[in-house]
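Data first, discussion second: the structure below is written as C-alpha cells.
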Amino acid sequence: MAGVGVPKATRGYAFSRARPFLRVSPRARARLAVLGITAAALLFPLVNHNDADIDSAANALAFAALALGLNIVVGFAGLLDLGYAAFFAIGAYTYGVASSWQLQPAWTGFWEPFQWLDLVTRFHAAGGDVVHFQVSFWLMLPIAAAVAAFFGVLFGAPTLRLKGDYLAIVTLGFGEIVPIVARNIPSVTNGAMGLNGVAAPQFFGFDFGIDATPYYYVGVALVAFLILTSQRLKDSRIGRAWMAIREDEVAAMAMGVDRVRYKLLAFAIGAAFAGATGTFYVAKLQTATPEIFMFPVSVMILVMVVFGGIGSVWGVVVGALILQILQSWFLEDLSGWLHALGRLVGVDWLQRVELASSIELIFGLILVLMMLYRRQGLVPAARRTRTLSLDEQTVRIAPGNPLPFPPPLAGEGQGEGPLFQIADLSVRFGGLVALHSVELGVPAHSVIAVIGPNGSGKSTLFNAITGLVSIDQGTINFAGEEITRLRPHQVLERGIARTFQNIRLFPNLSVLENVMIGMHARLATGPVGAVLRLPASRGEEAAARERALQILSLFGNRLLPRADHPAASLSYANRRRTEIARALAAQPKLLLLDEPTAGMNPSETLELADQIGSLNKHGLTILLIEHKLDVVAMLADKVVVLDHGEKIAEGPPATVRRDEEVIRAYLGRSAAFV
Amino acid sequence: MNRGAPAVSGYGVLLQQVINGLSLGAMYALLALGFTLVYGILELINFAHFNVFMVSSFVGMWALQLLGISGQEQVLTGLALAGALVFAFAATMLAGGVLGVAIERLSLRPLRSVPGTAAMITTIGVSYILFNIILLTVGAGSENYPNPLPVVRWQFGEVTLELKTVLIWGVTIVLMMALNLFVNRTRLGKAMRATAQDSEAARMMGVDVDRVIVTAFFLGSALAGAAALIFGLYYNYTSFIIGYTAGLRAFTAAVLGGIGSVPGAMVGGVLIGLIESLGGQLIAVRWTDVIIFSILILVLVFVPTGLFGRAAPTKS
Amino acid sequence: MLSRRSLIIQLSTTALVGALATHARWAAAADKTVKVGINLPFTGADAHDAELIKDGALLAIDEANAQGGVGGYKIEVLLLDDGTATAGQYDPAQAATNARKMVADKGVVAAIGPQMSGSGKAMSPILSQGDLATITPSSTNPDITDPKFAGQYRPKGKPIYFRTVTTDAFQGPNMANYYADVLKVKSVYVLDDSGAYGVGIADTFQAQAEKRGIKVLGRDQLNPKETDYSTTLTKIKSLNPDALYYGGVAQAGVKVVKQASDILPKMIKGGGDGLYGAEILRGAGFPAAEGWYATIAAPNILENPEAAPVIDRFAKKYGQQPENYSITAYDAALVILDAIKRVAASGKEVTREAIRDAMQTARVKTIQGEVAFDDNGDLQNRVISVFRIVKDDKYPPDDVLHQYKYLGVAPQSS
C-alpha cells in the first residue's frame, strides 16, 4: 500500500547522497515542521519585544482563523461565500454587546441569578440602578461561535440549495445586510459611532489590558485549535462528504450524502469559526464599528484562501499571515527602504513612493496572477501519491476475492414476490414525455436487463428510481416500502445504489476515498466524533478503510495498488470498476448499473460480466442497462425493452430476441440479434 | 413658507417615486444586461463589469472635456448637442468594449477550460485593479460631470418629469431593441444564442466560439459604457466608487431576473429600481439594501433560478 | 596606472572619510531631533482627505525645520498608515498597531491624528498607557474625551487625546440654535451619511432642534457609496419642511447638494463642516451649491490676517487649496511645535510626558485663533462660525475663502 517503503533503487540519486535531514520520512518531516512552527510561534514575543509587531502578528492570526473558517465553506464543501464577514460581525457584536456598557436595562429581580453567576453586575447610575453586562470572554468565545452558527443555519436553510452562482450573490447580500443592520440599530450596537468600553479578557484575575502579548497567545491557541479541528474534519467521514459535494453534488447525493444537511453543517461550522474570531478581535480592539465588517473584508479573506491554497489547511494559514503581514508591516518597511535608497541615490520619486497605499492594487495583481499561473495556491491541497514502478504497472492481473460483506437478504423475502416494483411510472420534462406508464417488477436475487435504443428513457428510469428527477405519476416500491418521492440519499439508505452512464467519480479524491464515500450512509461518525477522535469513531474509520480495501480487492490488483491515486488519473475501465466498488460499498440490496461495460474491450467486458454474475450469485439483485447484447444474454434472467419511454417487450432474453417489435425498434429491419 | 404642510399629496409623491424608480431601473437594466450577456455564454460572473462601467464614465468625462465642455453651465442645442452626445457615446462605448475585450483576452481566455471558480475569482482581481488604478491616479474626489444637456422640466400636476429622464429611457429602449435585433436576427447573434445553450455543439457546427465570446464581452462592456455616460449626464457626477453600489444593484437585478436571461435583466433592473424608490419612500432609505436583498432571497426561495432563468433539467 | 599600494591607500582613505562623514551626519542628526508620528488612513477610500491633512501638518513642520527647528530641535516625521486593503479604508486594528509602534519608538514625543474617530477609540487607551499625546485635526466623536468613558479611553488618567476641532457636542446644537433663532425654521428634516462623524453631528443637531421646538419631520441615513438620493429627497419634498440639515462629509454631501438643487430648490439647506471645503464647490459646482449653509468649529479664518499667507503657501507647495482639516492639522502641528519650544526653553528634557504637560497648558496663536485645551483635551474655544455659499464671480469657483460668505457666530446653547 502507499506509504510502505519504496525500494531504495527507485528513490533517485539525490537521496543516496542526501543530508541527514532528507533521510527522515515525509511523515516525520511534517511533524518536525509543525513542532518547529509551534515553537517559533510561542517564542516570538520573547524574542521580539516590540509591542506593535506582536499586535500585527495577533491581527494576522485573527485573519488566519477567518481564512480557516472560509476554507471549510469554500475549500472543503465548495460553497462560494462572498459575505463571510457577516459572521465575523455577528460574533464580534455578540461579545461587544454582552461585555460593554452599551446595554443598560433597568435593574430588576430577574437579573439576580445572573449576578450570582457573575454574568452581570448591578451598577448605580444617575437615574437608578442598571444592569451592566460583563460576560466572561472565555464563556463568550463558544457562545458567540454558537450564535454565529445559528445565524449560519438560519440564513443557509433557505439558500444553500441554490446553484453556485446564485448562492454567491445571496451570500454577498447577507454580507451587505449585517453591517447595515448593525448600523441601523444604535440602541444595541451604538451604530456608526462604534461600541465603547468593550471589556478586555481576564484570566484568573489577570486583566489583559492593552498589552498585545496575552492576546497574541490567545490568537495562537485559537488558530492552533482551528487548524486541528479543520484537519480532523477533513480526514473524516464529514470531510469526505463535503468534498464529495464539492466534486460532484449529484453523485454525492446518489451515494447517500444528504447534501442539504452537510452544506448547512459546513456553513454553520464556518460561521462558528468566524464568530469566535470576531469575539477575539473585538476583545483586543475594545471597540467595534460596522465599517470593520464590510464587503472588502469578505473579499480579502477569499483572497487569502485562494492565495494560500483552496482546501489546504496550512495553505490558507500561510496565505493569510503573508498577506496581513505584508500590508501591516512589510510594505511600510519596504517603502522606508525605498525612501532611504532614494535619498542615497538622489532619485526623487523613490523618496516619495508609498507602497502601502497601493497595496489594494498589489492584491488585485496577486489575485489575477495566482489564478493565471498557480491556481492551486502557495501550499496546494493536493496530496502526493507514490508513482507505480514499471513492474507494478505491467503486473499480471490476478483474480479478485469474494465479497466481504454478508450477502443481502439472506433468508429475507425469498420468492415472496418482487423485491422492487415500479407501477405506472411517468416522467415528463416540459413537453417531452421521457417515460410513459412504465411497469417493471424485479424479483429478489435476479438480474433484470433494460435495453432499448438511445433516447428510450433508460437512464431517466434510473434517475427516477434514485430520486434525481421528479416523477409525475406512478409509484415505486422497494422491499415493501414506497420510495417514490424519496430524496436520493434516502433511496441509497434504503438499499439502492447505482452507477452512472458517464461515470461520475469524484475526480480529485483518491480511489480509496471514492469508495469510502460510498459507505457514508452506513457509517455514523458525526462532526463531534470526528473532531474529538473518539474511540468509537476511530474504530469505525479503521474498519471502514479495511472494508473499502477489501472491496477494491474484488477487482484483483487492478485497483489496490492505485488506492491512493486521484480517481481522475485512472484508465477508463478502472474508473468504471471504481464506480462499481463505490456502489458496492453502500451495502445495497439492489444495484443499478448503467452501461457498466461501455467502452471496454471484449476481454474486459467478459471479466466484468463475470464479476457482475458472481455478485448476483452472492445475493445482490441487479438492474442492468446494457447495449451489449451478449452480456445481456449471459447475465439476464429477464429483459425489459424500452422505446420512446414505453415498455414494448418483456421476457427472457431468448423470447425478447425474437420479438418483432423489438427488432424493428431497436435493431432496424435487417439486423441480426447476436 | 409652508409651515410643515405637505406640498405633495400621497398619490403625487408615489407617482413621482415611481418615475424616479423607473429612471434608476433603466440604468440598472442596462448594466445588468451587459453582465447577463457574458454570463449567458460563459456561465461566468464577471465582477470586473462594474468597474469597467466606472472607468468608462471617466472616459466619457474626458471626452466631453475634450470638446471644451465643463460643468453644467455650457448648454448646447440642436446639431451641436447631437454631435457632442454621439461623440461621447462613441467614446464611452468604445472604451468599455475595448476594456472588456482586453480583460477577456488577457485574464480570462487562459482560464476558459478550467472548471470551478477560478475565472470568477480572476474577475474579482481585475475589478480591484481597475478600481485602484482610478483611485490612485484620479483620486477619491467627486467629479463634476460636464453636461451639455439643457435642463428642461415638465410639470404634470404634482409630478415633475425631466428631459434627462426621458433621455435615459429613450437611449435604454433603443439600445435594448438594437441588442434584441442583433441577438435574434443576425448570424452572429444566432451563433451567440447557440453557444449559450451548448458551446460544444455550437463549436462542432462550425461556430467560431472564440469570436462569439469576444463579441459578447465587447457588447456587454459597450452597454456598460453607454450606461456610464447616461449615469454621468443624469447625476452630473462621477467618482471612483460608482461601480460599487450600482454594480451591486445591477448584479442583484440580473440574478433576480435570472442570470443569463436578457428579458430577465431588463425586468430585474426595473424591479430593483422600483423597490429602491418605493421602499425608500414607504419605509426608509437606510433599509434599502436590506429590503432589496430580502426580496431577492424570498424570490429565489420560490423560483431558484430567478424570474426568467433557465431551469435545470435534472432535480439537482 | 595606479599602483596597488596607492589604490589601497586611496580606497581606505575614502572609506574612512565617508564613514566619518556619515557618522558625523548621523551624530549631528541624532543629537537634536525629535520625532512626531502622523497616523492617517493613506490607503483606501479616505486617502484623499488623509493626504490633505498630512500636507497641512507637514507645511508647518517643514517650515519650522527650514528655520532650524524649534528650541534647537529638528522635527522628524514618522508617517503611519492606518488604512488597510482589508478594510478598504481606515482600519481601527491597524490604528491600534500604529499606536503601539509610536509608543514603542522612544524618539516619538507627540503625534498628529487620527483622522477617524473609530481609529481614535482603538488608539486612545494605548496612547494613554504609553503617555504619548496626540492631537487630532478631525476626529469629532465626543466619547473619546468624555469623562464618563475616562476609564476606557485614558486609563492612566491624564488626557492624551487633544483636538484642534470641536466635537459634535457643540457644532450640531449651535447650528440648531442658528436655525431656530436666525433662520426662524419651524420644521426640519435631518439626514446623515451613516459615518461616525455624520451620525454624531446629526444626532446632536436633532436633539437640540427638538429642544428648541423645531419639529423634526424625519431622519434618514444616506449611503455614501450610492449615487441616487432622489428617493429620499422626493420624500422630503413631499413632507415640506422649512429646512434640511445634512450631517456628513463631502462624499455623500456633494451628491446631496447637487440633487437637492433640482428637487428642493427653495428649501433652506445646511450642514456641518463636512460641507465646508473645496470639494463641495468643485464637486457640486454652481448653481447647485448656491445658498447652502455650513458651519466650522472655529472662528472665521478670513478675519485672521495670518490665514491668507498660510493658504497661499499651502497652495503653492501642494498645488491645491487646503481644506478645512488641512488648516486644523496645520494648527495641530503649531501646537506641538510650541510645546517643544517651551519644554526646551525651560531646560527640561524633551520627553513625551513633558510635551503632554506642555500641550495641556498650551495657548497658541493659530489660523483658527487661539488654541487652548480643557481638562479633557477638548478645544476650549467652542465658537461655531456659520457660512453661506454665495457665488463670487471675482474669484475661482473652488476658492473656499471667497465663495463661503461669513455670516456670524452660531448662538451658543445656554
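In the C-alpha cells, each chain is lettered A, B, ... as it comes, each chain's residues begin at 1, and ligands are numbered from 1 in order of appearance.
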- Task: Using only C-alpha atoms, find the residues of chain B whose closest atom to chain A is at most 9 Å away, then write them as a PyMOL selection string.
- Result: chain B and resi 43-45+107-108+110-111+116-119+121-133+136+248+251-252+255+259+286-287+289-290+292-294+296-298+300-301+304-306+313-316
Hey, can you spit out that residue selection with N, CA and C atoms as a compact mmCIF listing (two decimals), in the first residue's frame?
# COMPACT_ATOMS: atom_id res chain seq x y z
N GLU B 43 -21.26 31.33 -18.47
CA GLU B 43 -21.60 30.98 -17.08
C GLU B 43 -20.56 31.56 -16.13
N LEU B 44 -20.16 32.78 -16.40
CA LEU B 44 -19.13 33.41 -15.59
C LEU B 44 -19.69 34.67 -14.96
N ILE B 45 -19.56 34.81 -13.67
CA ILE B 45 -19.91 36.05 -13.00
C ILE B 45 -18.73 37.00 -13.18
N SER B 107 -6.94 37.93 -19.26
CA SER B 107 -7.05 37.21 -18.00
C SER B 107 -8.06 36.08 -18.00
N LEU B 108 -8.98 36.05 -18.95
CA LEU B 108 -10.00 35.01 -18.87
C LEU B 108 -9.82 33.92 -19.89
N PRO B 110 -7.17 32.33 -20.91
CA PRO B 110 -6.34 31.20 -20.47
C PRO B 110 -7.08 30.29 -19.49
N LEU B 111 -8.14 30.81 -18.87
CA LEU B 111 -8.81 30.02 -17.85
C LEU B 111 -10.09 29.38 -18.35
N GLY B 116 -14.71 25.31 -12.21
CA GLY B 116 -14.75 25.89 -10.88
C GLY B 116 -14.73 27.40 -10.90
N THR B 117 -14.32 27.97 -9.79
CA THR B 117 -14.47 29.41 -9.58
C THR B 117 -13.24 30.21 -9.97
N ALA B 118 -12.24 29.59 -10.61
CA ALA B 118 -11.00 30.30 -10.89
C ALA B 118 -11.25 31.56 -11.71
N ALA B 119 -12.07 31.45 -12.76
CA ALA B 119 -12.29 32.61 -13.62
C ALA B 119 -13.00 33.72 -12.87
N ILE B 121 -12.93 34.34 -9.71
CA ILE B 121 -12.02 34.98 -8.77
C ILE B 121 -11.08 35.91 -9.51
N THR B 122 -10.69 35.53 -10.73
CA THR B 122 -9.85 36.43 -11.52
C THR B 122 -10.56 37.74 -11.79
N THR B 123 -11.86 37.66 -12.07
CA THR B 123 -12.57 38.92 -12.33
C THR B 123 -12.62 39.78 -11.08
N ILE B 124 -12.64 39.17 -9.92
CA ILE B 124 -12.57 39.95 -8.69
C ILE B 124 -11.25 40.70 -8.64
N GLY B 125 -10.17 40.00 -9.00
CA GLY B 125 -8.87 40.65 -9.01
C GLY B 125 -8.81 41.79 -10.00
N VAL B 126 -9.34 41.56 -11.21
CA VAL B 126 -9.32 42.62 -12.23
C VAL B 126 -10.12 43.82 -11.74
N SER B 127 -11.25 43.53 -11.10
CA SER B 127 -12.09 44.60 -10.56
C SER B 127 -11.30 45.47 -9.59
N TYR B 128 -10.58 44.82 -8.68
CA TYR B 128 -9.72 45.53 -7.74
C TYR B 128 -8.72 46.41 -8.46
N ILE B 129 -8.11 45.83 -9.51
CA ILE B 129 -7.06 46.57 -10.21
C ILE B 129 -7.62 47.83 -10.84
N LEU B 130 -8.74 47.70 -11.54
CA LEU B 130 -9.33 48.87 -12.19
C LEU B 130 -9.68 49.95 -11.17
N PHE B 131 -10.34 49.50 -10.10
CA PHE B 131 -10.76 50.40 -9.04
C PHE B 131 -9.58 51.18 -8.49
N ASN B 132 -8.49 50.47 -8.23
CA ASN B 132 -7.36 51.14 -7.60
C ASN B 132 -6.56 51.99 -8.56
N ILE B 133 -6.55 51.62 -9.82
CA ILE B 133 -5.85 52.48 -10.79
C ILE B 133 -6.51 53.85 -10.80
N LEU B 136 -5.88 55.66 -7.42
CA LEU B 136 -4.54 56.17 -7.21
C LEU B 136 -4.16 57.26 -8.20
N LEU B 248 -23.64 46.47 -7.44
CA LEU B 248 -24.32 45.52 -6.57
C LEU B 248 -25.79 45.44 -6.94
N PHE B 251 -26.19 43.71 -10.35
CA PHE B 251 -25.93 42.29 -10.16
C PHE B 251 -27.18 41.63 -9.58
N THR B 252 -27.72 42.25 -8.55
CA THR B 252 -28.94 41.73 -7.93
C THR B 252 -30.07 41.68 -8.94
N VAL B 255 -29.64 38.74 -11.25
CA VAL B 255 -29.95 37.47 -10.59
C VAL B 255 -31.44 37.34 -10.36
N ILE B 259 -30.06 34.96 -14.11
CA ILE B 259 -28.82 35.30 -14.82
C ILE B 259 -28.76 34.57 -16.15
N ARG B 286 -32.36 54.07 4.67
CA ARG B 286 -31.26 53.31 5.28
C ARG B 286 -31.54 51.81 5.29
N TRP B 287 -32.77 51.41 5.04
CA TRP B 287 -33.06 49.98 4.99
C TRP B 287 -33.12 49.46 3.55
N ASP B 289 -30.99 48.51 1.19
CA ASP B 289 -30.24 47.30 0.84
C ASP B 289 -30.84 46.08 1.51
N VAL B 290 -31.24 46.23 2.77
CA VAL B 290 -31.83 45.10 3.47
C VAL B 290 -33.11 44.66 2.75
N ILE B 292 -33.96 45.15 -0.41
CA ILE B 292 -33.66 44.55 -1.72
C ILE B 292 -33.19 43.12 -1.57
N PHE B 293 -32.26 42.89 -0.66
CA PHE B 293 -31.76 41.53 -0.54
C PHE B 293 -32.78 40.59 0.06
N SER B 294 -33.60 41.07 0.95
CA SER B 294 -34.63 40.20 1.49
C SER B 294 -35.58 39.76 0.39
N LEU B 296 -34.88 39.61 -2.77
CA LEU B 296 -34.16 38.68 -3.63
C LEU B 296 -34.17 37.27 -3.07
N ILE B 297 -33.85 37.15 -1.79
CA ILE B 297 -33.80 35.83 -1.18
C ILE B 297 -35.16 35.18 -1.23
N LEU B 298 -36.19 35.97 -0.96
CA LEU B 298 -37.55 35.43 -1.00
C LEU B 298 -37.88 34.89 -2.38
N LEU B 300 -35.83 33.95 -4.72
CA LEU B 300 -35.01 32.78 -5.07
C LEU B 300 -35.45 31.53 -4.33
N VAL B 301 -36.02 31.70 -3.15
CA VAL B 301 -36.51 30.52 -2.43
C VAL B 301 -37.61 29.85 -3.22
N PRO B 304 -35.90 29.27 -7.79
CA PRO B 304 -34.46 29.22 -7.55
C PRO B 304 -33.59 29.70 -8.69
N THR B 305 -34.15 29.79 -9.92
CA THR B 305 -33.28 30.27 -10.98
C THR B 305 -33.66 31.68 -11.40
N GLY B 306 -34.34 32.41 -10.55
CA GLY B 306 -34.72 33.76 -10.92
C GLY B 306 -35.99 33.76 -11.76
N PRO B 313 -32.47 20.81 -16.08
CA PRO B 313 -33.27 19.64 -16.45
C PRO B 313 -33.38 18.60 -15.37
N THR B 314 -32.33 18.41 -14.56
CA THR B 314 -32.46 17.41 -13.50
C THR B 314 -32.67 18.08 -12.16
N LYS B 315 -33.32 17.40 -11.29
CA LYS B 315 -33.61 17.96 -9.99
C LYS B 315 -32.36 17.86 -9.14
N SER B 316 -31.37 18.70 -9.45
CA SER B 316 -30.13 18.59 -8.67
C SER B 316 -29.82 19.88 -7.96
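Any residue of chain A with an atom no more than 6 Å from chain C counts as a contact; using only C-alpha atoms, that gives Asp51, Ala52, Asp55, Ala192, Met193, Gly197, Leu285, Pro296, Val297, Met300, Ser357 and Glu360 of chain A.
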For chain B against chain C, with a cut-off of 9 Å and counting only C-alpha atoms, what is the closest atom pair and its distance in Å to one decimal for every residue that makes the cut, ordered by chain and number, as JSON lines?
{"residue": "B:Met1", "atom": "CA", "partner": "C:Asp242", "partner_atom": "CA", "distance": 6.8}
{"residue": "B:Asn2", "atom": "CA", "partner": "C:Asn240", "partner_atom": "CA", "distance": 7.2}
{"residue": "B:Arg3", "atom": "CA", "partner": "C:Asp242", "partner_atom": "CA", "distance": 6.7}
{"residue": "B:Gly4", "atom": "CA", "partner": "C:Pro241", "partner_atom": "CA", "distance": 5.0}
{"residue": "B:Ala5", "atom": "CA", "partner": "C:Asn240", "partner_atom": "CA", "distance": 6.2}
{"residue": "B:Pro6", "atom": "CA", "partner": "C:Leu239", "partner_atom": "CA", "distance": 4.7}
{"residue": "B:Ala7", "atom": "CA", "partner": "C:Ser238", "partner_atom": "CA", "distance": 5.3}
{"residue": "B:Val8", "atom": "CA", "partner": "C:Ser238", "partner_atom": "CA", "distance": 4.8}
{"residue": "B:Ser9", "atom": "CA", "partner": "C:Ser238", "partner_atom": "CA", "distance": 7.2}
{"residue": "B:Gly10", "atom": "CA", "partner": "C:Ser238", "partner_atom": "CA", "distance": 8.1}
{"residue": "B:Gly12", "atom": "CA", "partner": "C:Ser238", "partner_atom": "CA", "distance": 8.5}
{"residue": "B:Val13", "atom": "CA", "partner": "C:Ser238", "partner_atom": "CA", "distance": 6.3}
{"residue": "B:Gln16", "atom": "CA", "partner": "C:Thr234", "partner_atom": "CA", "distance": 7.5}
{"residue": "B:Gln17", "atom": "CA", "partner": "C:Thr231", "partner_atom": "CA", "distance": 6.4}
{"residue": "B:Asn20", "atom": "CA", "partner": "C:Ser230", "partner_atom": "CA", "distance": 6.9}
{"residue": "B:Gly21", "atom": "CA", "partner": "C:Thr231", "partner_atom": "CA", "distance": 8.0}
{"residue": "B:Leu24", "atom": "CA", "partner": "C:Asp228", "partner_atom": "CA", "distance": 7.9}
{"residue": "B:Gly71", "atom": "CA", "partner": "C:Gly285", "partner_atom": "CA", "distance": 7.2}
{"residue": "B:Gln72", "atom": "CA", "partner": "C:Phe286", "partner_atom": "CA", "distance": 8.4}
{"residue": "B:Glu73", "atom": "CA", "partner": "C:Phe286", "partner_atom": "CA", "distance": 8.3}
{"residue": "B:Asn132", "atom": "CA", "partner": "C:Gly44", "partner_atom": "CA", "distance": 8.5}
{"residue": "B:Leu135", "atom": "CA", "partner": "C:Ala45", "partner_atom": "CA", "distance": 8.0}
{"residue": "B:Gly139", "atom": "CA", "partner": "C:His48", "partner_atom": "CA", "distance": 6.4}
{"residue": "B:Ala140", "atom": "CA", "partner": "C:His48", "partner_atom": "CA", "distance": 5.6}
{"residue": "B:Gly141", "atom": "CA", "partner": "C:Glu279", "partner_atom": "CA", "distance": 7.0}
{"residue": "B:Ser142", "atom": "CA", "partner": "C:Gly283", "partner_atom": "CA", "distance": 5.2}
{"residue": "B:Glu143", "atom": "CA", "partner": "C:Gly283", "partner_atom": "CA", "distance": 5.2}
{"residue": "B:Asn144", "atom": "CA", "partner": "C:Gly283", "partner_atom": "CA", "distance": 4.8}
{"residue": "B:Tyr145", "atom": "CA", "partner": "C:Gly283", "partner_atom": "CA", "distance": 8.5}
{"residue": "B:Tyr235", "atom": "CA", "partner": "C:Gln259", "partner_atom": "CA", "distance": 7.6}
{"residue": "B:Asn236", "atom": "CA", "partner": "C:Lys258", "partner_atom": "CA", "distance": 7.9}
{"residue": "B:Tyr237", "atom": "CA", "partner": "C:Gly283", "partner_atom": "CA", "distance": 7.6}
{"residue": "B:Thr238", "atom": "CA", "partner": "C:Thr227", "partner_atom": "CA", "distance": 8.7}
{"residue": "B:Ile241", "atom": "CA", "partner": "C:Lys225", "partner_atom": "CA", "distance": 6.3}
{"residue": "B:Ile242", "atom": "CA", "partner": "C:Lys225", "partner_atom": "CA", "distance": 6.8}
{"residue": "B:Gly243", "atom": "CA", "partner": "C:Lys225", "partner_atom": "CA", "distance": 8.9}
{"residue": "B:Tyr244", "atom": "CA", "partner": "C:Lys225", "partner_atom": "CA", "distance": 6.9}
{"residue": "B:Thr245", "atom": "CA", "partner": "C:Glu226", "partner_atom": "CA", "distance": 5.4}
{"residue": "B:Ala246", "atom": "CA", "partner": "C:Glu226", "partner_atom": "CA", "distance": 7.1}
{"residue": "B:Glu276", "atom": "CA", "partner": "C:Thr231", "partner_atom": "CA", "distance": 7.7}
{"residue": "B:Ser277", "atom": "CA", "partner": "C:Thr231", "partner_atom": "CA", "distance": 5.1}
{"residue": "B:Leu278", "atom": "CA", "partner": "C:Thr231", "partner_atom": "CA", "distance": 7.7}
{"residue": "B:Gly279", "atom": "CA", "partner": "C:Thr231", "partner_atom": "CA", "distance": 8.9}
{"residue": "B:Gly280", "atom": "CA", "partner": "C:Thr231", "partner_atom": "CA", "distance": 6.1}
{"residue": "B:Gln281", "atom": "CA", "partner": "C:Lys235", "partner_atom": "CA", "distance": 5.8}
{"residue": "B:Leu282", "atom": "CA", "partner": "C:Lys235", "partner_atom": "CA", "distance": 8.9}
{"residue": "B:Ala284", "atom": "CA", "partner": "C:Asp220", "partner_atom": "CA", "distance": 6.6}
{"residue": "B:Val285", "atom": "CA", "partner": "C:Thr232", "partner_atom": "CA", "distance": 6.5}
{"residue": "B:Arg286", "atom": "CA", "partner": "C:Gln221", "partner_atom": "CA", "distance": 5.1}
{"residue": "B:Trp287", "atom": "CA", "partner": "C:Gln221", "partner_atom": "CA", "distance": 8.8}
- Message: From a backbone DSSP assignment, name each residue in region 204-360 of chain A labelled helix (DSSP H, G or I), as a PyMOL selection string.
- Response: chain A and resi 212-234+237-247+249-254+259-285+290-293+295-308+313-345+348-352+355-360
- Item | Spatial neighbours of Gln202 (chain A), 12 Å, only C-alpha atoms, chain gap at least 2 places, as a list of chain:residue names |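 Those residues are A:Ser99, A:Gln134, A:Val135, A:Ser136, A:Phe137, A:Trp138, A:Leu139, A:Ala199, A:Ala200, A:Phe204, A:Gly205, A:Phe206, A:Asp207, A:Phe208, A:Gly209, A:Ile210, A:Pro214, A:Tyr215, A:Val218, A:Ala283, A:Lys284.
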- Query: So which one's closest to Thr578 (chain A), A:Val438, A:Leu119, A:Leu552, A:Leu264? Using only C-alpha atoms, please.
  - Reply: A:Leu552
- Task: Just the strand (DSSP E or B) stuff from region 427-523 of chain A, please, per backbone DSSP, written as a PyMOL selection string.
- Result: chain A and resi 427-429+432-443+447-451+473-478+481-482+496-498+510
Given the selection you just returned, output its residues as a file containing N, CA and C atoms, formatted as a short mmCIF file (atom, residue, chain, number, x, y, z; two decimals), in the first residue's frame.
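The result, written out as result_30.cif:
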data_model
loop_
_atom_site.label_atom_id
_atom_site.label_comp_id
_atom_site.auth_asym_id
_atom_site.auth_seq_id
_atom_site.Cartn_x
_atom_site.Cartn_y
_atom_site.Cartn_z
N VAL A 427 -42.70 10.14 -16.44
CA VAL A 427 -41.83 11.29 -16.18
C VAL A 427 -41.86 12.21 -17.39
N ARG A 428 -42.09 13.49 -17.13
CA ARG A 428 -42.15 14.46 -18.23
C ARG A 428 -41.14 15.57 -17.98
N PHE A 429 -40.48 16.01 -19.04
CA PHE A 429 -39.62 17.19 -18.96
C PHE A 429 -40.24 18.26 -19.83
N LEU A 432 -41.69 17.19 -23.24
CA LEU A 432 -41.17 15.89 -23.66
C LEU A 432 -41.60 14.81 -22.66
N VAL A 433 -42.17 13.74 -23.17
CA VAL A 433 -42.54 12.63 -22.29
C VAL A 433 -41.38 11.64 -22.30
N ALA A 434 -40.65 11.55 -21.21
CA ALA A 434 -39.49 10.68 -21.17
C ALA A 434 -39.86 9.24 -20.84
N LEU A 435 -40.83 9.11 -19.91
CA LEU A 435 -41.31 7.77 -19.57
C LEU A 435 -42.83 7.83 -19.51
N HIS A 436 -43.45 6.79 -20.01
CA HIS A 436 -44.92 6.80 -20.04
C HIS A 436 -45.45 5.46 -19.54
N SER A 437 -46.08 5.54 -18.36
CA SER A 437 -46.74 4.36 -17.78
C SER A 437 -45.88 3.13 -17.80
N VAL A 438 -44.69 3.24 -17.33
CA VAL A 438 -43.80 2.08 -17.35
C VAL A 438 -44.08 1.21 -16.14
N GLU A 439 -44.04 -0.06 -16.40
CA GLU A 439 -44.27 -1.03 -15.35
C GLU A 439 -43.09 -1.97 -15.29
N LEU A 440 -42.61 -2.25 -14.08
CA LEU A 440 -41.42 -3.09 -14.02
C LEU A 440 -41.40 -3.81 -12.68
N GLY A 441 -41.15 -5.09 -12.72
CA GLY A 441 -41.02 -5.82 -11.46
C GLY A 441 -39.68 -6.52 -11.43
N VAL A 442 -38.98 -6.41 -10.31
CA VAL A 442 -37.66 -7.05 -10.19
C VAL A 442 -37.70 -8.01 -9.02
N PRO A 443 -37.71 -9.28 -9.26
CA PRO A 443 -37.71 -10.23 -8.15
C PRO A 443 -36.37 -10.22 -7.44
N VAL A 447 -31.36 -10.87 -12.04
CA VAL A 447 -30.71 -9.84 -12.84
C VAL A 447 -31.69 -9.46 -13.93
N ILE A 448 -32.12 -8.23 -13.94
CA ILE A 448 -33.03 -7.74 -14.97
C ILE A 448 -32.26 -6.77 -15.84
N ALA A 449 -32.33 -6.98 -17.15
CA ALA A 449 -31.64 -6.06 -18.06
C ALA A 449 -32.67 -5.15 -18.72
N VAL A 450 -32.35 -3.90 -18.83
CA VAL A 450 -33.19 -2.93 -19.53
C VAL A 450 -32.46 -2.54 -20.80
N ILE A 451 -33.07 -2.77 -21.92
CA ILE A 451 -32.42 -2.38 -23.16
C ILE A 451 -33.35 -1.49 -23.97
N GLN A 473 -46.01 10.81 -12.21
CA GLN A 473 -47.12 9.89 -11.96
C GLN A 473 -46.53 8.51 -11.69
N GLY A 474 -47.21 7.74 -10.87
CA GLY A 474 -46.76 6.36 -10.68
C GLY A 474 -46.17 6.14 -9.30
N THR A 475 -45.90 4.90 -9.01
CA THR A 475 -45.30 4.57 -7.71
C THR A 475 -44.14 3.61 -7.89
N ILE A 476 -43.25 3.67 -6.94
CA ILE A 476 -42.12 2.76 -6.89
C ILE A 476 -42.09 2.14 -5.51
N ASN A 477 -42.05 0.83 -5.48
CA ASN A 477 -41.99 0.16 -4.18
C ASN A 477 -40.74 -0.68 -4.07
N PHE A 478 -40.14 -0.64 -2.91
CA PHE A 478 -38.92 -1.39 -2.71
C PHE A 478 -38.96 -2.07 -1.36
N GLU A 481 -41.74 -1.10 0.82
CA GLU A 481 -41.93 0.31 1.20
C GLU A 481 -42.03 1.16 -0.06
N GLU A 482 -42.87 2.18 -0.01
CA GLU A 482 -42.95 3.05 -1.19
C GLU A 482 -41.85 4.10 -1.14
N ILE A 496 -30.59 1.00 -2.28
CA ILE A 496 -30.43 1.00 -3.74
C ILE A 496 -29.24 1.87 -4.09
N ALA A 497 -28.23 1.25 -4.75
CA ALA A 497 -27.06 2.02 -5.16
C ALA A 497 -26.91 1.94 -6.67
N ARG A 498 -26.23 2.91 -7.26
CA ARG A 498 -26.18 2.93 -8.71
C ARG A 498 -24.82 3.39 -9.22
N SER A 510 -9.04 10.35 -3.94
CA SER A 510 -8.38 9.10 -4.30
C SER A 510 -9.40 8.00 -4.50
#
